[in-house]
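Before any comments, here is the structure.
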Amino acid sequence: MEKEISVVKTGYLLKWLIKRWKLNWFTLNEDELRCFIKRDKSVLIESIPLQGASVVCPCYDEPEVNIDRAFKLTSPNGTEMLFLAAGLQDRDRWAHAIGAVIRSITTSSQTSNSPVKFQPFRAKANVSEVLGALQDPDAGVEMTNHVRNGIVHKNCFKGSDIIKWLLRWNIVRRRGDGIAMAQSLLKLGHLQEVDVSDGAAGASQSFKDDEKLYRFTSLNLGVQRNSYFDSSDSDSSLSDDEDDGKIVERVKKGKIIKAGFLCKKKSLRKGWRFVRVLLRDSQPMLEYESPFRSKEQKTDPKNQSKVIDLQKCFLAESSRRMIGVKIQQAPAKLRIYLRTKGGKCRTFQTKDEGEWFEYASLLQTLCGATPPPVKIKTKEKNTEKVKDRVEEVPENVGEEKAGEVKKVSEKAEKVAEKVENLPPKNDVIEKAEKITDEVEEILN
């Protein structure tokens, strides 16, 4: 019996293939990242093993890609794979999840073999703070490219470099405490050995204070997390004027509260296409664009993103009915309909129920238009309408019309009796109204 594969995360990502981006469906498992052509998982493109791999987020050394949304996955042999997420939150979630899986694989492999015990040490900061400070782009340990056995390893450092860094910043006072702290980082899966040229079957579980190369399993070059350094230093790279200008620009555009890849219906007859969707809160709007656009294409007026003013829209039940949606149960097709009072409708489709509820709840708070009132014909009104039309048939009608009117009136009376026991908006009511129209035509 095959072991069930537990899925950690799923979603759409763009992967860089030589000279272009390709959108695929990815599933993150306990030991690998799988790439499929579509969400139905019918065709598997590749499986990327994560043991010995490392993830870097964001990618400052890749100027040709979007730095803000990109992250890089490096295999043990130095092969690099670039991925592009829909937004910053989506990028951080993917990088964090992949890093957690890599650390889990590292720690489990250490416990399966002869484990190395934790060594006590004295330090002025905990492991989490030291890890954030080590990865600081300005004051952290110096990471460079190294060539070992003909393979270029990026963002690496020597074992002796991390000990020197701990001593220089006075985090530990003795070299032995620094080695014990580095050993803890290695055992917890935050560090991994890069070069295994000593003839061993795999990386050593003991930290070496020498020329051995190490790297972070998950390198975060963005915002500092629990860093040992104070982020409120006065020597910032931006002046007050520049900072205020960026804040004003950000408020003008609106803060992005949700970003993701969705399917958008082209028209009533055409098919679907993938778009990158951005939801903004101030001046509520939904912005969508092609996920494959390059920087040159974004400057072209023809390829600019399209904007939907949510103040003029409301969530509809379907593309043909002007009825507001109730967020109680996700529809079977997981579609979101944005309608205006003028009747224009845009249709989007989510990947699962969780994403549908997330988008629907956000859009319901951002949409400013209210759906028009629904006119519901009650069964009492329909019953009275049918009976009144039957009573209006005159007694002295011609013999030719008398037979027709008699048949139609009997038919109408039967339908009127059924209407009393049926809910509104039923086919029988429509049938009763049709018979009423037939009576009027005969009388006229």
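Identifiers for the structure tokens are assigned positionally: chains receive A, B, ... in sequence, residues are indexed from 1 per chain, and ligands are indexed from 1 in the order shown.
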
So that I can check the surroundings of Lys333 (chain A), please list as a compact mmCIF listing (two decimals) with all heavy atoms, in the first residue's frame every protein, DNA and RNA residue that reaches within 10 Å of it, counting only C-alpha atoms and ignoring chain neighbours fewer than 6 positions away.
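Written out: out.txt:
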# COMPACT_ATOMS: atom_id res chain seq x y z
N GLN A 349 -12.74 33.10 -11.76
CA GLN A 349 -12.85 31.77 -11.16
C GLN A 349 -11.65 31.53 -10.26
O GLN A 349 -10.50 31.77 -10.64
CB GLN A 349 -12.92 30.69 -12.23
CG GLN A 349 -13.21 29.30 -11.66
CD GLN A 349 -13.48 28.27 -12.76
OE1 GLN A 349 -13.07 28.46 -13.89
NE2 GLN A 349 -14.17 27.20 -12.42
N THR A 350 -11.92 31.03 -9.04
CA THR A 350 -10.87 30.75 -8.06
C THR A 350 -10.45 29.28 -8.14
O THR A 350 -11.09 28.47 -8.80
CB THR A 350 -11.37 31.09 -6.65
OG1 THR A 350 -12.53 30.29 -6.36
CG2 THR A 350 -11.74 32.56 -6.55
N LYS A 351 -9.39 28.95 -7.39
CA LYS A 351 -8.85 27.59 -7.45
C LYS A 351 -9.56 26.63 -6.50
O LYS A 351 -9.64 25.44 -6.75
CB LYS A 351 -7.35 27.60 -7.15
CG LYS A 351 -7.00 28.07 -5.75
CD LYS A 351 -5.51 28.01 -5.48
CE LYS A 351 -5.20 28.45 -4.05
NZ LYS A 351 -3.74 28.39 -3.75
N ASP A 352 -10.05 27.14 -5.33
CA ASP A 352 -10.70 26.27 -4.36
C ASP A 352 -11.69 27.09 -3.53
O ASP A 352 -11.83 28.31 -3.70
CB ASP A 352 -9.67 25.57 -3.45
CG ASP A 352 -8.69 26.55 -2.82
OD1 ASP A 352 -9.06 27.73 -2.63
OD2 ASP A 352 -7.55 26.16 -2.54
N GLU A 353 -12.37 26.42 -2.61
CA GLU A 353 -13.39 27.08 -1.80
C GLU A 353 -12.78 28.12 -0.88
O GLU A 353 -13.35 29.19 -0.66
CB GLU A 353 -14.15 26.04 -0.98
CG GLU A 353 -15.09 25.15 -1.79
CD GLU A 353 -15.95 24.28 -0.90
OE1 GLU A 353 -15.89 24.46 0.33
OE2 GLU A 353 -16.68 23.43 -1.43

### Query
Can you list, as number ranges by chain, every protein, DNA or RNA residue that comes within 8 Å of Gly78 (chain A) when you count only C-alpha atoms, leaving out same-chain residues fewer than 5 positions away?
A: 151-154

For the selection you just gave me, I'd like the residues written to a file as an mmCIF file, in the first residue's frame, keeping all heavy atoms.
data_model
loop_
_atom_site.group_PDB
_atom_site.id
_atom_site.type_symbol
_atom_site.label_atom_id
_atom_site.label_comp_id
_atom_site.auth_asym_id
_atom_site.auth_seq_id
_atom_site.Cartn_x
_atom_site.Cartn_y
_atom_site.Cartn_z
ATOM 1 N N ILE A 151 31.688 23.583 -9.656
ATOM 2 C CA ILE A 151 30.311 24.062 -9.474
ATOM 3 C C ILE A 151 30.345 25.393 -8.727
ATOM 4 O O ILE A 151 31.054 25.535 -7.721
ATOM 5 C CB ILE A 151 29.464 23.045 -8.689
ATOM 6 C CG1 ILE A 151 29.398 21.709 -9.433
ATOM 7 C CG2 ILE A 151 28.053 23.570 -8.463
ATOM 8 C CD1 ILE A 151 28.678 20.625 -8.675
ATOM 9 N N VAL A 152 29.592 26.362 -9.228
ATOM 10 C CA VAL A 152 29.516 27.677 -8.593
ATOM 11 C C VAL A 152 28.395 27.652 -7.557
ATOM 12 O O VAL A 152 27.233 27.404 -7.889
ATOM 13 C CB VAL A 152 29.254 28.791 -9.633
ATOM 14 C CG1 VAL A 152 29.156 30.142 -8.940
ATOM 15 C CG2 VAL A 152 30.354 28.811 -10.683
ATOM 16 N N HIS A 153 28.735 27.917 -6.323
ATOM 17 C CA HIS A 153 27.766 27.983 -5.234
ATOM 18 C C HIS A 153 27.617 29.442 -4.812
ATOM 19 O O HIS A 153 28.592 30.078 -4.416
ATOM 20 C CB HIS A 153 28.215 27.131 -4.043
ATOM 21 C CG HIS A 153 28.380 25.682 -4.365
ATOM 22 N ND1 HIS A 153 27.325 24.824 -4.500
ATOM 23 C CD2 HIS A 153 29.502 24.937 -4.586
ATOM 24 C CE1 HIS A 153 27.766 23.599 -4.784
ATOM 25 N NE2 HIS A 153 29.087 23.650 -4.838
ATOM 26 N N LYS A 154 26.393 29.966 -4.905
ATOM 27 C CA LYS A 154 26.129 31.361 -4.578
ATOM 28 C C LYS A 154 25.627 31.506 -3.144
ATOM 29 O O LYS A 154 25.088 30.572 -2.563
ATOM 30 C CB LYS A 154 25.097 31.955 -5.545
ATOM 31 C CG LYS A 154 25.560 31.988 -6.998
ATOM 32 C CD LYS A 154 24.505 32.626 -7.880
ATOM 33 C CE LYS A 154 24.962 32.688 -9.331
ATOM 34 N NZ LYS A 154 23.944 33.334 -10.204
#

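Distances here use only C-alpha atoms; by that measure, the residue among A:Val325, A:Cys367, A:Cys59, A:Val277 closest to Val307 (chain A) is A:Val277.
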
### Task
Have a look at A:Gly150, A:Gly354, A:Pro372, A:Gly176 and name the one nearest to Thr10 (chain A); count only C-alpha atoms.
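Answer, going by the shortest atom-to-atom distance: A:Gly354.
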